[in-house]
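Novice: Structure file start-v8.tsv (TSV, C-alpha atoms and all ligand atoms) is given on the next line.
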```tsv
chain	number	residue	atom	x	y	z
J	1	MET	CA	0.00	0.00	0.00
J	2	ARG	CA	1.33	3.44	-0.94
J	3	THR	CA	1.88	5.69	2.07
J	4	THR	CA	2.11	9.39	2.82
J	5	ARG	CA	3.56	11.42	5.66
J	6	VAL	CA	2.97	14.95	6.94
J	7	ALA	CA	5.21	17.09	9.13
J	8	ARG	CA	2.82	17.09	12.09
J	9	ILE	CA	2.26	13.31	12.16
J	10	ASP	CA	5.56	11.60	12.33
J	11	GLU	CA	4.68	8.32	10.64
J	12	ASP	CA	3.79	6.82	7.29
J	13	LEU	CA	0.07	6.39	6.73
J	14	PRO	CA	-1.61	4.40	3.95
J	15	VAL	CA	-3.18	6.75	1.41
J	16	VAL	CA	-6.42	4.74	1.55
J	17	GLY	CA	-8.06	3.99	4.88
J	18	GLN	CA	-11.58	3.04	5.92
J	19	GLY	CA	-14.70	4.91	7.06
J	20	THR	CA	-17.51	3.63	9.30
J	21	TRP	CA	-20.46	5.99	8.86
J	22	HIS	CA	-23.73	3.95	8.85
J	23	MET	CA	-22.01	0.93	10.33
J	24	GLY	CA	-23.51	-0.37	13.58
J	25	GLU	CA	-27.04	0.62	12.66
J	26	ARG	CA	-28.41	-2.91	12.46
J	27	PRO	CA	-27.41	-5.83	14.70
J	28	GLU	CA	-27.70	-8.33	11.86
J	29	THR	CA	-24.98	-6.61	9.79
J	30	ARG	CA	-22.53	-5.91	12.62
J	31	THR	CA	-20.35	-8.99	12.08
J	32	ARG	CA	-20.20	-8.38	8.33
J	33	GLU	CA	-19.14	-4.77	8.94
J	34	ALA	CA	-16.42	-5.74	11.42
J	35	ASP	CA	-15.20	-8.43	8.99
J	36	ALA	CA	-15.00	-5.82	6.21
J	37	LEU	CA	-12.83	-3.59	8.40
J	38	ARG	CA	-10.58	-6.53	9.28
J	39	LEU	CA	-10.22	-7.47	5.61
J	40	GLY	CA	-9.33	-3.85	4.87
J	41	VAL	CA	-6.62	-3.84	7.54
J	42	GLU	CA	-5.24	-7.10	6.13
J	43	LEU	CA	-5.00	-5.36	2.74
J	44	GLY	CA	-3.14	-2.40	4.21
J	45	MET	CA	-5.99	0.07	4.89
J	46	THR	CA	-4.94	0.42	8.50
J	47	VAL	CA	-6.40	3.90	9.09
J	48	ILE	CA	-9.91	3.39	10.50
J	49	ASP	CA	-12.14	6.42	10.96
J	50	THR	CA	-15.13	6.42	13.28
J	51	ALA	CA	-17.15	8.89	15.36
J	52	GLU	CA	-19.15	9.22	18.53
J	53	TYR	CA	-22.02	10.43	16.33
J	54	TYR	CA	-22.20	7.43	13.97
J	55	ALA	CA	-25.21	5.35	14.98
J	56	ALA	CA	-24.95	7.17	18.35
J	57	GLY	CA	-21.84	5.22	19.37
J	58	ARG	CA	-22.72	1.90	17.76
J	59	ALA	CA	-20.20	2.30	14.91
J	60	GLU	CA	-17.51	2.40	17.61
J	61	LEU	CA	-18.79	-0.97	18.84
J	62	VAL	CA	-18.26	-2.38	15.34
J	63	VAL	CA	-14.73	-0.98	15.42
J	64	ALA	CA	-14.21	-2.71	18.78
J	65	ASP	CA	-15.24	-6.03	17.19
J	66	ALA	CA	-12.86	-5.42	14.30
J	67	LEU	CA	-9.91	-4.43	16.46
J	68	ARG	CA	-10.09	-7.29	18.92
J	69	ASP	CA	-6.66	-8.84	18.22
J	70	ILE	CA	-5.24	-6.34	15.71
J	71	ARG	CA	-5.30	-3.09	17.70
J	72	ALA	CA	-1.57	-2.46	17.28
J	73	GLN	CA	-1.81	-2.62	13.46
J	74	VAL	CA	-4.46	0.10	13.26
J	75	PHE	CA	-4.24	3.90	13.25
J	76	LEU	CA	-7.58	4.64	14.92
J	77	VAL	CA	-9.24	7.98	14.29
J	78	ASP	CA	-12.28	8.96	16.36
J	79	LYS	CA	-14.33	12.14	16.38
J	80	ILE	CA	-16.10	13.77	19.29
J	81	PHE	CA	-19.34	15.52	18.35
J	82	PRO	CA	-19.42	19.20	19.34
J	83	HIS	CA	-22.74	19.16	21.23
J	84	HIS	CA	-21.05	18.90	24.64
J	85	PRO	CA	-21.11	22.41	26.12
J	86	THR	CA	-18.27	22.02	28.65
J	87	LEU	CA	-14.66	20.98	28.94
J	88	GLU	CA	-15.52	18.16	31.32
J	89	GLY	CA	-18.48	17.05	29.18
J	90	THR	CA	-16.20	16.75	26.15
J	91	ARG	CA	-13.57	14.83	28.11
J	92	ARG	CA	-16.26	12.51	29.47
J	93	ALA	CA	-17.53	11.92	25.93
J	94	ALA	CA	-14.02	11.05	24.75
J	95	ARG	CA	-13.56	8.59	27.61
J	96	ALA	CA	-16.90	6.96	26.77
J	97	ALA	CA	-15.93	6.76	23.09
J	98	LEU	CA	-12.65	5.12	24.02
J	99	ARG	CA	-14.45	2.55	26.18
J	100	ARG	CA	-16.78	1.70	23.30
J	101	THR	CA	-13.88	1.11	20.91
J	102	GLY	CA	-11.98	-0.91	23.51
J	103	ALA	CA	-8.85	0.46	21.84
J	104	GLY	CA	-6.97	1.65	24.93
J	105	TYR	CA	-5.89	4.88	23.20
J	106	PHE	CA	-6.77	6.95	20.15
J	107	ASP	CA	-4.15	7.45	17.47
J	108	LEU	CA	-5.92	10.61	16.38
J	109	LEU	CA	-8.85	12.34	18.05
J	110	LEU	CA	-10.80	15.04	16.20
J	111	ILE	CA	-13.53	17.55	16.92
J	112	HIS	CA	-16.21	16.62	14.40
J	113	TRP	CA	-17.46	20.14	13.50
J	114	PRO	CA	-16.59	23.73	14.36
J	115	THR	CA	-18.99	25.59	16.68
J	116	PRO	CA	-18.66	28.77	18.74
J	117	LEU	CA	-17.40	26.52	21.56
J	118	PHE	CA	-14.54	25.16	19.48
J	119	ARG	CA	-11.91	26.49	21.92
J	120	VAL	CA	-13.49	24.53	24.77
J	121	HIS	CA	-13.55	21.41	22.59
J	122	LEU	CA	-9.96	21.79	21.44
J	123	MET	CA	-8.78	22.47	24.97
J	124	ALA	CA	-10.50	19.25	26.08
J	125	LEU	CA	-8.73	17.39	23.28
J	126	SER	CA	-5.37	18.85	24.23
J	127	MET	CA	-5.93	17.69	27.83
J	128	ILE	CA	-6.73	14.21	26.54
J	129	TYR	CA	-3.52	14.40	24.52
J	130	ALA	CA	-1.55	15.48	27.59
J	131	GLU	CA	-2.96	12.48	29.47
J	132	GLY	CA	-1.54	10.20	26.76
J	133	VAL	CA	-4.99	8.98	25.68
J	134	ALA	CA	-4.70	10.46	22.16
J	135	ARG	CA	-1.41	10.35	20.27
J	136	TYR	CA	-2.46	13.22	18.00
J	137	ILE	CA	-5.39	15.63	17.91
J	138	GLY	CA	-7.11	17.51	15.10
J	139	VAL	CA	-10.32	18.86	13.64
J	140	SER	CA	-12.91	18.07	11.03
J	141	ASN	CA	-14.98	20.33	8.77
J	142	PHE	CA	-12.94	23.39	9.81
J	143	ASP	CA	-12.48	25.85	6.94
J	144	GLN	CA	-9.51	28.14	6.46
J	145	ALA	CA	-10.83	30.87	8.78
J	146	TRP	CA	-11.68	28.37	11.53
J	147	LEU	CA	-8.33	26.72	11.29
J	148	VAL	CA	-6.50	29.99	11.75
J	149	ARG	CA	-8.63	30.67	14.84
J	150	ALA	CA	-7.98	27.15	16.15
J	151	GLY	CA	-4.22	27.67	16.36
J	152	PRO	CA	-3.69	30.26	19.09
J	153	GLY	CA	-4.84	29.45	22.60
J	154	LEU	CA	-3.83	25.81	22.47
J	155	PRO	CA	-0.82	24.65	24.42
J	156	SER	CA	1.99	24.85	21.88
J	157	ASP	CA	2.93	21.19	22.21
J	158	THR	CA	-0.52	20.03	21.01
J	159	PRO	CA	-0.82	21.27	17.45
J	160	VAL	CA	-3.80	20.52	15.25
J	161	THR	CA	-2.36	17.73	13.12
J	162	ALA	CA	-5.25	16.82	10.81
J	163	ASN	CA	-8.38	18.21	9.21
J	164	GLN	CA	-11.02	15.78	7.93
J	165	LEU	CA	-12.88	17.32	5.00
J	166	PRO	CA	-15.15	16.39	2.10
J	167	TYR	CA	-13.02	15.82	-0.99
J	168	ASN	CA	-13.84	13.95	-4.17
J	169	LEU	CA	-14.11	14.55	-7.91
J	170	GLY	CA	-17.55	16.10	-7.43
J	171	ASP	CA	-16.49	18.34	-4.53
J	172	ARG	CA	-13.19	20.10	-5.15
J	173	ARG	CA	-13.81	23.17	-2.97
J	174	LEU	CA	-10.65	22.37	-0.97
J	175	GLU	CA	-8.49	23.05	-3.97
J	176	LEU	CA	-9.23	26.78	-3.82
J	177	GLU	CA	-6.18	27.67	-1.69
J	178	PHE	CA	-7.06	25.60	1.36
J	179	LEU	CA	-5.37	22.36	0.30
J	180	ASN	CA	-2.13	24.26	-0.37
J	181	GLU	CA	-2.28	25.87	3.05
J	182	LEU	CA	-2.93	22.59	4.83
J	183	GLN	CA	-0.03	20.97	2.99
J	184	ALA	CA	2.27	23.91	3.75
J	185	ARG	CA	1.43	23.67	7.45
J	186	GLY	CA	2.10	19.93	7.49
J	187	ILE	CA	-1.52	19.11	8.42
J	188	LEU	CA	-2.94	15.77	7.29
J	189	VAL	CA	-5.99	16.01	5.02
J	190	MET	CA	-8.42	13.14	5.57
J	191	ALA	CA	-10.64	13.09	2.48
J	192	TYR	CA	-14.11	11.98	3.49
J	193	SER	CA	-16.86	10.77	1.15
J	194	PRO	CA	-14.17	10.13	-1.49
J	195	LEU	CA	-16.75	8.30	-3.62
J	196	GLY	CA	-19.31	11.06	-3.10
J	197	ARG	CA	-21.25	8.58	-0.90
J	198	GLY	CA	-21.58	6.43	-4.02
J	199	ARG	CA	-23.03	9.27	-6.13
J	200	LEU	CA	-19.89	9.47	-8.31
J	201	LEU	CA	-20.65	5.95	-9.48
J	202	ARG	CA	-23.97	6.84	-11.11
J	203	GLY	CA	-25.20	8.66	-14.24
J	204	ARG	CA	-23.06	11.00	-16.32
J	205	ARG	CA	-20.23	10.98	-13.77
J	206	LEU	CA	-19.95	7.22	-14.05
J	207	THR	CA	-19.68	7.47	-17.84
J	208	VAL	CA	-16.62	9.75	-17.57
J	209	LEU	CA	-15.01	7.60	-14.86
J	210	SER	CA	-15.66	4.41	-16.85
J	211	GLY	CA	-13.86	5.85	-19.89
J	212	VAL	CA	-10.68	6.51	-17.92
J	213	ALA	CA	-11.08	3.27	-15.95
J	214	ARG	CA	-11.15	1.19	-19.15
J	215	GLU	CA	-7.91	2.77	-20.36
J	216	VAL	CA	-6.11	2.25	-17.06
J	217	GLY	CA	-7.54	-1.26	-16.61
J	218	VAL	CA	-9.20	-0.55	-13.26
J	219	THR	CA	-12.74	0.11	-11.96
J	220	PRO	CA	-14.50	3.52	-11.96
J	221	SER	CA	-14.40	3.62	-8.15
J	222	GLN	CA	-10.65	3.07	-8.23
J	223	VAL	CA	-10.31	6.02	-10.60
J	224	ALA	CA	-12.30	8.21	-8.18
J	225	LEU	CA	-10.30	7.09	-5.15
J	226	ALA	CA	-6.88	7.24	-6.80
J	227	TRP	CA	-7.64	10.75	-8.04
J	228	THR	CA	-8.47	11.85	-4.46
J	229	VAL	CA	-5.11	10.71	-3.12
J	230	ARG	CA	-2.96	12.01	-5.98
J	231	HIS	CA	-1.55	14.80	-3.79
J	232	PRO	CA	0.85	14.14	-0.90
J	233	GLY	CA	-0.54	14.49	2.61
J	234	VAL	CA	-4.01	13.21	1.69
J	235	VAL	CA	-5.55	10.01	3.08
J	236	ALA	CA	-8.96	8.98	1.71
J	237	ILE	CA	-11.34	7.05	3.96
J	238	PRO	CA	-13.96	5.28	1.81
J	239	LYS	CA	-16.57	3.29	3.68
J	240	ALA	CA	-17.17	-0.20	2.31
J	241	VAL	CA	-18.95	-3.22	3.71
J	242	ASP	CA	-19.10	-5.31	0.55
J	243	PRO	CA	-15.83	-7.35	0.48
J	244	SER	CA	-15.41	-6.76	-3.26
J	245	HIS	CA	-15.57	-3.00	-2.58
J	246	VAL	CA	-12.97	-3.36	0.18
J	247	ARG	CA	-10.58	-5.16	-2.19
J	248	ASP	CA	-11.24	-2.63	-4.92
J	249	ASN	CA	-10.46	0.29	-2.61
J	250	ALA	CA	-7.24	-1.20	-1.26
J	251	ALA	CA	-5.90	-1.71	-4.79
J	252	ALA	CA	-6.81	1.87	-5.82
J	253	ALA	CA	-3.79	3.26	-4.00
J	254	GLU	CA	-1.51	1.96	-6.75
J	255	VAL	CA	-3.36	3.50	-9.72
J	256	VAL	CA	-1.36	6.07	-11.70
J	257	PHE	CA	-2.82	8.43	-14.32
J	258	THR	CA	-1.21	9.96	-17.39
J	259	PRO	CA	-1.27	13.78	-17.58
J	260	GLU	CA	-3.81	13.48	-20.38
J	261	GLN	CA	-6.16	11.35	-18.26
J	262	LEU	CA	-5.84	13.81	-15.37
J	263	ALA	CA	-6.64	16.68	-17.74
J	264	ARG	CA	-9.76	14.86	-18.92
J	265	LEU	CA	-10.94	14.31	-15.33
J	266	ASP	CA	-10.22	17.99	-14.62
J	267	ALA	CA	-12.35	19.08	-17.53
J	268	ALA	CA	-15.23	16.76	-16.61
J	269	PHE	CA	-15.14	17.66	-12.90
J	270	PRO	CA	-14.18	21.35	-12.66
J	271	VAL	CA	-13.04	22.90	-9.37
J	272	GLY	CA	-15.76	25.56	-9.33
J	273	VAL	CA	-15.44	28.97	-7.70
J	274	LYS	CA	-16.82	28.48	-4.19
J	275	PRO	CA	-14.16	27.76	-1.55
J	276	TYR	CA	-14.82	25.16	1.11
J	277	GLN	CA	-17.08	26.11	4.00
J	278	PRO	CA	-18.65	23.72	6.53
J	279	ASP	CA	-21.95	22.41	5.21
J	280	LEU	CA	-23.71	22.92	8.56
J	281	PRO	CA	-24.10	26.29	10.29
J	282	ALA	CA	-21.82	26.61	13.32
J	283	TRP	CA	-24.62	26.88	15.86
J	284	GLN	CA	-24.41	24.84	19.01
J	285	SER	CA	-28.16	24.15	18.82
J	286	VAL	CA	-27.83	22.48	15.40
J	287	PHE	CA	-25.44	19.91	16.82
J	288	ARG	CA	-27.47	19.33	19.98
J	289	TRP	CA	-30.49	18.65	17.82
J	290	ALA	CA	-28.51	16.47	15.37
J	291	TYR	CA	-27.16	14.25	18.14
J	292	GLN	CA	-30.59	13.84	19.76
J	293	TRP	CA	-32.01	12.95	16.37
J	294	GLU	CA	-29.34	10.27	15.81
J	295	GLU	CA	-29.97	8.84	19.29
J	296	ARG	CA	-33.72	8.71	18.69
J	297	ARG	CA	-33.23	7.10	15.29
J	298	MET	CA	-31.05	4.39	16.84
J	299	ARG	CA	-33.43	3.80	19.75
J	300	ARG	CA	-36.25	3.10	17.30
J	301	GLY	CA	-34.22	0.25	15.81
J	302	PRO	CA	-33.28	-2.99	17.57
J	303	PRO	CA	-30.59	-2.63	20.25
J	304	VAL	CA	-26.98	-3.42	19.40
J	305	GLY	CA	-24.48	-4.86	21.81
J	401	LIG	N1	-15.99	14.23	9.23
J	401	LIG	C1	-17.19	14.19	8.69
J	401	LIG	O1	-18.04	15.07	8.90
J	401	LIG	C2	-17.54	13.05	7.78
J	401	LIG	C3	-18.66	13.14	6.94
J	401	LIG	C4	-18.93	12.07	6.08
J	401	LIG	C5	-18.11	10.95	6.10
J	401	LIG	N2	-17.04	10.88	6.95
J	401	LIG	C6	-16.17	9.66	7.00
J	401	LIG	O2	-15.79	9.31	5.68
J	401	LIG	C7	-16.20	7.97	5.40
J	401	LIG	C8	-16.50	7.79	3.93
J	401	LIG	O3	-17.49	8.66	3.48
J	401	LIG	P1	-18.99	8.20	3.17
J	401	LIG	O4	-19.33	6.99	3.97
J	401	LIG	O5	-19.82	9.43	3.33
J	401	LIG	O6	-19.02	7.87	1.62
J	401	LIG	P2	-18.09	7.12	0.53
J	401	LIG	O7	-16.99	6.40	1.18
J	401	LIG	O8	-17.77	8.14	-0.50
J	401	LIG	O9	-19.13	6.10	-0.12
J	401	LIG	C9	-19.62	5.01	0.59
J	401	LIG	C10	-20.52	4.21	-0.35
J	401	LIG	O10	-19.76	3.77	-1.48
J	401	LIG	C11	-19.87	2.35	-1.60
J	401	LIG	N3	-18.56	1.85	-2.02
J	401	LIG	C12	-17.41	1.79	-1.29
J	401	LIG	N4	-16.41	1.29	-2.02
J	401	LIG	C13	-16.93	1.01	-3.26
J	401	LIG	C14	-16.40	0.47	-4.43
J	401	LIG	N5	-15.11	0.10	-4.52
J	401	LIG	N6	-17.22	0.31	-5.52
J	401	LIG	C15	-18.52	0.68	-5.44
J	401	LIG	N7	-19.09	1.21	-4.33
J	401	LIG	C16	-18.30	1.38	-3.24
J	401	LIG	C17	-20.24	1.82	-0.23
J	401	LIG	O11	-20.96	0.61	-0.36
J	401	LIG	P3	-20.86	-0.66	0.67
J	401	LIG	O12	-20.76	-0.08	2.06
J	401	LIG	O13	-22.10	-1.40	0.41
J	401	LIG	O14	-19.63	-1.45	0.31
J	401	LIG	C18	-21.11	2.97	0.30
J	401	LIG	O15	-22.43	2.85	-0.19
J	401	LIG	C19	-17.39	7.78	6.34
J	401	LIG	O16	-17.75	6.44	6.48
J	401	LIG	C20	-16.89	8.45	7.59
J	401	LIG	O17	-16.00	7.62	8.29
J	401	LIG	C21	-16.73	11.92	7.77
```
Please express what this file holds, its structure, as structure tokens.
Ligand SMILES: NC(=O)c1ccc[n+]([C@@H]2O[C@H](COP(=O)([O-])OP(=O)(O)OC[C@H]3O[C@@H](n4cnc5c(N)ncnc54)[C@H](OP(=O)(O)O)[C@@H]3O)[C@@H](O)[C@H]2O)c1
Specialist:
Amino acid sequence: MRTTRVARIDEDLPVVGQGTWHMGERPETRTREADALRLGVELGMTVIDTAEYYAAGRAELVVADALRDIRAQVFLVDKIFPHHPTLEGTRRAARAALRRTGAGYFDLLLIHWPTPLFRVHLMALSMIYAEGVARYIGVSNFDQAWLVRAGPGLPSDTPVTANQLPYNLGDRRLELEFLNELQARGILVMAYSPLGRGRLLRGRRLTVLSGVAREVGVTPSQVALAWTVRHPGVVAIPKAVDPSHVRDNAAAAEVVFTPEQLARLDAAFPVGVKPYQPDLPAWQSVFRWAYQWEERRMRRGPPVG
């Protein structure tokens, strides 16, 4: 598996990892989901991304199943949702998340979204870092302005090391300056929804991807993924439960394009003019409501665990 390294995270990371959004939602698929993650790790996709929010903690239980005897091989990324209004509440949430994963420590712990309380959340993360519970800390969905504000005020030995952001052929907002800045600062970019949640693999977009895929001798999804990780310092985290998808994604890291193929993808999927901004308004109430909604949704289904 091809790897990448950034200045703020002093280790090689595979350019393709694994996501877990929508895992853990149904008890009958939990084993299959954990098996998919384990297969992915076996194939070199050792970065696993999860979140307190996903299935209101149940995705972390799937991760726990997957990690059982392979914890040391995995670079575990977890995200704390920003609905906790206090320092202690955020620390408590991180401890609960860690218990659910059974991982012993986080490799990287992120704040899931920016809110007006982001300083409280980042301070909580830096305390968790100081306690040795998280090896690195970072953010997610922070735009350029937020990231600048996130720097000062943190103890200087706990820099923000990563920013998890939407990035795929259909969403290139990052490329308007922000990607350059993140790379220059040595911050890892974790590209989420690298397959556009599957949308890139339908309709007109699929036709373009299939053309390039045929030439390269790979699948359209591999074209989409390989394109996402063509820059250094970017790790994509596709979510896949189907074992054939897992295999496909692991092999995508090795795909190389000719300049002409890249130019064709560029023309078919233009960058646009709107720079990246978080897709949700940074109001505390939005996140409180969102978390309650996820909890209610999960309670309506059969219990997991
Ligand atoms: N920080 C954030 O706010 C944030 C937001 C969104 C996502 N994320 C993270 O990023 C991860 C990935 O993003 P995502 O789940 O939104 O979408 P995604 O990875 O772009 O797409 C997932 C969908 O693509 C399918 N798929 C995966 N590999 C495939 C392949 N090789 N061929 C065909 N279909 C394939 C999956 O199907 P199967 O599952 O059936 O295999 C699933 O339906 C999430 O799981 C989560 O960990 C973070």
Novice: For Thr101 of chain J, which of J:Ala34, J:Val189, J:Val41, J:Val160 is the closest residue, counting only C-alpha atoms?
Specialist: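 Selected residue with least distance to Thr101 of chain J: J:Ala34.
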Novice: Looking at J:Val223, J:Met298, J:Ala282, J:Val271, which one is nearest to ligand LIG 401 (chain J), with distances taken over all atoms listed in the file?
Specialist: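 The closest residue to ligand LIG 401 (chain J) is J:Val223.
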Novice: Using only C-alpha atoms, pick whichever of J:Val139, J:Val235, J:Ala252, J:Val208 has the shortest atom-to-atom distance to Phe269 of chain J.
Specialist: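 The shortest atom-to-atom distance to Phe269 of chain J comes from J:Val208.
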Novice: Measuring between all atoms listed in the file, which one of J:Ala290, J:Val246, J:Ala251, J:Val216 shows the shortest distance to ligand LIG 401 (chain J)?
Specialist: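 Residue with the minimum atom-to-atom distance to ligand LIG 401 (chain J): J:Val246.
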Novice: Using only C-alpha atoms, find the one residue out of J:His83, J:Arg173, J:Arg100, J:Arg91 that sits nearest to Leu125 of chain J.
Specialist: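 With only C-alpha atoms as the atom set, the closest residue is J:Arg91.
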Novice: List all protein, DNA and RNA residues that have any atom at most 6 Å from ligand LIG 401 (chain J), counting all atoms listed in the file, and write the list as a PyMOL selection string.
Specialist: chain J and resi 19-21+49-50+112+140+164+192-198+221+237-242+245+248-249
Novice: Can you write out the residues you just picked, keeping C-alpha atoms, as a PDB file, in the frame of the given file?
Specialist:
```pdb
ATOM      1  CA  GLY J  19     -14.700   4.910   7.060  1.00  0.00           C
ATOM      2  CA  THR J  20     -17.510   3.630   9.300  1.00  0.00           C
ATOM      3  CA  TRP J  21     -20.460   5.990   8.860  1.00  0.00           C
ATOM      4  CA  ASP J  49     -12.140   6.420  10.960  1.00  0.00           C
ATOM      5  CA  THR J  50     -15.130   6.420  13.280  1.00  0.00           C
ATOM      6  CA  HIS J 112     -16.210  16.620  14.400  1.00  0.00           C
ATOM      7  CA  SER J 140     -12.910  18.070  11.030  1.00  0.00           C
ATOM      8  CA  GLN J 164     -11.020  15.780   7.930  1.00  0.00           C
ATOM      9  CA  TYR J 192     -14.110  11.980   3.490  1.00  0.00           C
ATOM     10  CA  SER J 193     -16.860  10.770   1.150  1.00  0.00           C
ATOM     11  CA  PRO J 194     -14.170  10.130  -1.490  1.00  0.00           C
ATOM     12  CA  LEU J 195     -16.750   8.300  -3.620  1.00  0.00           C
ATOM     13  CA  GLY J 196     -19.310  11.060  -3.100  1.00  0.00           C
ATOM     14  CA  ARG J 197     -21.250   8.580  -0.900  1.00  0.00           C
ATOM     15  CA  GLY J 198     -21.580   6.430  -4.020  1.00  0.00           C
ATOM     16  CA  SER J 221     -14.400   3.620  -8.150  1.00  0.00           C
ATOM     17  CA  ILE J 237     -11.340   7.050   3.960  1.00  0.00           C
ATOM     18  CA  PRO J 238     -13.960   5.280   1.810  1.00  0.00           C
ATOM     19  CA  LYS J 239     -16.570   3.290   3.680  1.00  0.00           C
ATOM     20  CA  ALA J 240     -17.170  -0.200   2.310  1.00  0.00           C
ATOM     21  CA  VAL J 241     -18.950  -3.220   3.710  1.00  0.00           C
ATOM     22  CA  ASP J 242     -19.100  -5.310   0.550  1.00  0.00           C
ATOM     23  CA  HIS J 245     -15.570  -3.000  -2.580  1.00  0.00           C
ATOM     24  CA  ASP J 248     -11.240  -2.630  -4.920  1.00  0.00           C
ATOM     25  CA  ASN J 249     -10.460   0.290  -2.610  1.00  0.00           C
TER      26      ASN J 249
END
```
Novice: I need every residue sitting at most 9 Å from the point (-5.1, 6.6, 19.5) (coordinates as in the file, only C-alpha atoms considered), written as a ChimeraX atom specification.
Specialist: /J:75-78,98,103-109,132-136
Novice: So the first atom is atom CA of Ala97 of chain J and the second is atom CA of Leu67 of chain J; what is the distance between them in Å, to one decimal place?
Specialist: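 Atom-to-atom, atom CA of Ala97 of chain J to atom CA of Leu67 of chain J, that is 14.3 Å.
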Novice: Any idea what's packed within 12 Å of Ala150 of chain J, counting all atoms listed in the file, ignoring anything in its chain fewer than 2 positions away? Could you give it as a ChimeraX atom specification?
Specialist: /J:111,114-123,126,137-140,142-148,152-156,158-163
Novice: To one decimal place in Å, what is the distance between atom CA of Pro275 of chain J and atom CA of Asn168 of chain J?
Specialist: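 Atom CA of Pro275 of chain J sits 14.1 Å away from atom CA of Asn168 of chain J.
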Novice: Using all atoms listed in the file for the distances, tell me which of J:Met45, J:Ala224, J:Ala93, J:Val229 is nearest to Gln18 of chain J.
Specialist: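 For Gln18 of chain J, the nearest of the given residues is J:Met45.
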Novice: Between atom CA of His231 of chain J and atom CA of Ala250 of chain J, what is the distance in Å, rounded to a tenth?
Specialist: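 Result for atom CA of His231 of chain J versus atom CA of Ala250 of chain J: 17.2 Å, one decimal.
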Novice: Around (-17.8, -0.1, 15.7) in the file's frame, which residues reach within 8 Å when counting all atoms listed in the file? Return as a list of chain:residue names?
Specialist: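 Residues found, by chain and rising number: J:Thr20, J:Met23, J:Gly24, J:Ala34, J:Thr50, J:Gly57, J:Arg58, J:Ala59, J:Glu60, J:Leu61, J:Val62, J:Val63, J:Ala64, J:Asp65, J:Ala66, J:Arg100, J:Thr101.
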Novice: Which neighbours of segment 254-256 of chain J fall inside 12 Å, counting all atoms listed in the file, when residues of the same chain fewer than 5 positions from it are skipped, and could you give them as an mmCIF file with C-alpha atoms, keeping the file's coordinate frame?
Specialist:
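Output below, filename around.cif:
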```
data_model
loop_
_atom_site.group_PDB
_atom_site.id
_atom_site.type_symbol
_atom_site.label_atom_id
_atom_site.label_comp_id
_atom_site.auth_asym_id
_atom_site.auth_seq_id
_atom_site.Cartn_x
_atom_site.Cartn_y
_atom_site.Cartn_z
ATOM 1 C CA MET J 1 0.000 0.000 0.000
ATOM 2 C CA ARG J 2 1.330 3.440 -0.940
ATOM 3 C CA THR J 3 1.880 5.690 2.070
ATOM 4 C CA PRO J 14 -1.610 4.400 3.950
ATOM 5 C CA VAL J 15 -3.180 6.750 1.410
ATOM 6 C CA VAL J 16 -6.420 4.740 1.550
ATOM 7 C CA GLY J 44 -3.140 -2.400 4.210
ATOM 8 C CA VAL J 212 -10.680 6.510 -17.920
ATOM 9 C CA ALA J 213 -11.080 3.270 -15.950
ATOM 10 C CA GLU J 215 -7.910 2.770 -20.360
ATOM 11 C CA VAL J 216 -6.110 2.250 -17.060
ATOM 12 C CA GLY J 217 -7.540 -1.260 -16.610
ATOM 13 C CA VAL J 218 -9.200 -0.550 -13.260
ATOM 14 C CA THR J 219 -12.740 0.110 -11.960
ATOM 15 C CA PRO J 220 -14.500 3.520 -11.960
ATOM 16 C CA SER J 221 -14.400 3.620 -8.150
ATOM 17 C CA GLN J 222 -10.650 3.070 -8.230
ATOM 18 C CA VAL J 223 -10.310 6.020 -10.600
ATOM 19 C CA ALA J 224 -12.300 8.210 -8.180
ATOM 20 C CA LEU J 225 -10.300 7.090 -5.150
ATOM 21 C CA ALA J 226 -6.880 7.240 -6.800
ATOM 22 C CA TRP J 227 -7.640 10.750 -8.040
ATOM 23 C CA THR J 228 -8.470 11.850 -4.460
ATOM 24 C CA VAL J 229 -5.110 10.710 -3.120
ATOM 25 C CA ARG J 230 -2.960 12.010 -5.980
ATOM 26 C CA HIS J 231 -1.550 14.800 -3.790
ATOM 27 C CA ASP J 248 -11.240 -2.630 -4.920
ATOM 28 C CA ASN J 249 -10.460 0.290 -2.610
ATOM 29 C CA GLN J 261 -6.160 11.350 -18.260
ATOM 30 C CA LEU J 262 -5.840 13.810 -15.370
#
```
